[in-house]
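Novice: A single structure is presented below for examination.
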Amino acid sequence: MDVLGLQGKVAVVTGGGGNIGAATVGLLGQVGASVVVVDSDGEAAERAAQVAREQGAEAIAVQCDVRRVDQIERMVD
């Protein structure tokens, strides 16, 4: 059942490597969204993405400082 309408959608979680962000990544993955875990700390983003994948979600990590337009554009690409 697609309660939140996120099945097949892509969610981008900025700050996804932190505590609240990682919890958000996990929840979005559980409800069927594919998740892009974005954080300025690439290792933290990868850890959160790995946990989500272990729980059955589709997740990738992207290192990005969202204060920098050039990095945002790279992340979106």
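Just so we're on the same page: first chain in the structure tokens is A, next is B, and so on; residues restart at 1 for each chain, and ligands are numbered from 1 in the order they show up.
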Using only C-alpha atoms, which protein or nucleic acid residues come within 10 Å of Gln71 of chain A? Drop anything in the same chain fewer than 6 positions from it, and give the result as JSON, numbers by chain.

Specialist: {"A": [40, 62, 63, 64, 65, 77]}

Novice: Restricting the output to all heavy atoms, write the selected residues as a PDB file, in the first residue's frame.

Specialist:
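Everything below was put into result_39.pdb:
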```
ATOM      1  N   SER A  40      27.469  17.145   3.315  1.00  0.00           N
ATOM      2  CA  SER A  40      28.809  17.667   3.054  1.00  0.00           C
ATOM      3  C   SER A  40      29.866  16.672   3.510  1.00  0.00           C
ATOM      4  O   SER A  40      30.999  16.704   3.036  1.00  0.00           O
ATOM      5  CB  SER A  40      29.008  19.018   3.747  1.00  0.00           C
ATOM      6  OG  SER A  40      28.821  18.886   5.141  1.00  0.00           O
ATOM      7  N   VAL A  62      25.597  11.182  -2.026  1.00  0.00           N
ATOM      8  CA  VAL A  62      26.253  12.234  -2.796  1.00  0.00           C
ATOM      9  C   VAL A  62      26.834  13.243  -1.815  1.00  0.00           C
ATOM     10  O   VAL A  62      26.112  13.770  -0.963  1.00  0.00           O
ATOM     11  CB  VAL A  62      25.267  12.948  -3.746  1.00  0.00           C
ATOM     12  CG1 VAL A  62      25.960  14.081  -4.487  1.00  0.00           C
ATOM     13  CG2 VAL A  62      24.643  11.968  -4.718  1.00  0.00           C
ATOM     14  N   GLN A  63      28.133  13.484  -1.941  1.00  0.00           N
ATOM     15  CA  GLN A  63      28.751  14.526  -1.125  1.00  0.00           C
ATOM     16  C   GLN A  63      28.452  15.868  -1.784  1.00  0.00           C
ATOM     17  O   GLN A  63      28.721  16.059  -2.968  1.00  0.00           O
ATOM     18  CB  GLN A  63      30.254  14.320  -1.019  1.00  0.00           C
ATOM     19  CG  GLN A  63      30.921  15.343  -0.137  1.00  0.00           C
ATOM     20  CD  GLN A  63      32.400  15.057   0.059  1.00  0.00           C
ATOM     21  OE1 GLN A  63      32.949  14.129  -0.504  1.00  0.00           O
ATOM     22  NE2 GLN A  63      33.029  15.874   0.869  1.00  0.00           N
ATOM     23  N   CYS A  64      27.880  16.785  -1.011  1.00  0.00           N
ATOM     24  CA  CYS A  64      27.493  18.086  -1.559  1.00  0.00           C
ATOM     25  C   CYS A  64      27.329  19.088  -0.428  1.00  0.00           C
ATOM     26  O   CYS A  64      26.687  18.798   0.574  1.00  0.00           O
ATOM     27  CB  CYS A  64      26.168  17.944  -2.318  1.00  0.00           C
ATOM     28  SG  CYS A  64      25.485  19.488  -2.938  1.00  0.00           S
ATOM     29  N   ASP A  65      27.904  20.252  -0.607  1.00  0.00           N
ATOM     30  CA  ASP A  65      27.689  21.381   0.300  1.00  0.00           C
ATOM     31  C   ASP A  65      26.591  22.226  -0.334  1.00  0.00           C
ATOM     32  O   ASP A  65      26.818  22.893  -1.347  1.00  0.00           O
ATOM     33  CB  ASP A  65      28.982  22.184   0.454  1.00  0.00           C
ATOM     34  CG  ASP A  65      28.857  23.345   1.424  1.00  0.00           C
ATOM     35  OD1 ASP A  65      27.708  23.750   1.737  1.00  0.00           O
ATOM     36  OD2 ASP A  65      29.903  23.854   1.857  1.00  0.00           O
ATOM     37  N   ASP A  77      22.826  16.702 -11.351  1.00  0.00           N
ATOM     38  CA  ASP A  77      23.244  15.968 -12.557  1.00  0.00           C
ATOM     39  C   ASP A  77      23.452  14.506 -12.216  1.00  0.00           C
ATOM     40  O   ASP A  77      23.128  13.619 -12.921  1.00  0.00           O
ATOM     41  CB  ASP A  77      24.516  16.547 -13.149  1.00  0.00           C
ATOM     42  CG  ASP A  77      24.258  17.878 -13.836  1.00  0.00           C
ATOM     43  OD1 ASP A  77      23.110  18.178 -14.186  1.00  0.00           O
ATOM     44  OD2 ASP A  77      25.250  18.627 -13.999  1.00  0.00           O
TER      45      ASP A  77
END
```

Novice: Where does DSSP see helix (DSSP H, G or I) in chain A, if you list the residues as a ChimeraX atom specification?

Specialist: /A:19-30,42-54,69-76

Novice: If we count only C-alpha atoms and set the cut-off at 12 Å, which residues sit around Met75 of chain A, ignoring sequence neighbours fewer than 5 positions away in its own chain? Please answer as a list of chain:residue names.

Specialist: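 Counting only C-alpha atoms, the residues come to A:Val12, A:Val13, A:Thr14, A:Val36, A:Val37, A:Val38, A:Asp39, A:Ser40, A:Ile60, A:Ala61, A:Val62, A:Gln63, A:Cys64, A:Asp65, A:Val66, A:Arg68, A:Val69, A:Asp70.
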
Novice: Run DSSP on the backbone and grab whatever in segment 6-38 of chain A lands in strand (DSSP E); send it over as a count of residues only.

Specialist: 10

Novice: Tell me which of A:Leu27, A:Ala59, A:Val76, A:Gln7 sits closest to Arg47 of chain A, counting only C-alpha atoms.

Specialist: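 Under the stated criterion, the closest residue is A:Ala59.
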
Novice: Give me the residues within 6 Å of Gly17 of chain A as JSON, numbers by chain, counting only C-alpha atoms and dropping any in the same chain fewer than 5 places off.

Specialist: {"A": [22, 39, 44, 45, 48]}

Novice: Compile the contact shell of Glu58 of chain A as a list in words: residues with an atom at most 7 Å away, counting only C-alpha atoms, same-chain residues fewer than 3 positions apart removed.

Specialist: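 That gives Gly29, Ser34, Val35 and Arg53 of chain A.
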
Novice: To one decimal place in Å, what is the distance between atom CA of Ala33 of chain A and atom CA of Val10 of chain A?

Specialist: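 If I compute the distance from atom CA of Ala33 of chain A to atom CA of Val10 of chain A, I get 5.6 Å.
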
Novice: Counting only C-alpha atoms, figure out which residue out of A:Ile72, A:Leu6, A:Ala49, A:Val31 gets nearest to Gly18 of chain A.

Specialist: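 For Gly18 of chain A, the nearest of the candidates is A:Ala49.
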
Novice: Provide the atom CA of Val25 of chain A to atom CA of Asp2 of chain A distance in Å, to one decimal place.

Specialist: 16.8 Å

Novice: Restricting the calculation to only C-alpha atoms: of A:Lys9, A:Ala52, A:Asn19, A:Glu46, which residue gets closest to Gly32 of chain A?

Specialist: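 For Gly32 of chain A, the nearest of the candidates is A:Lys9.
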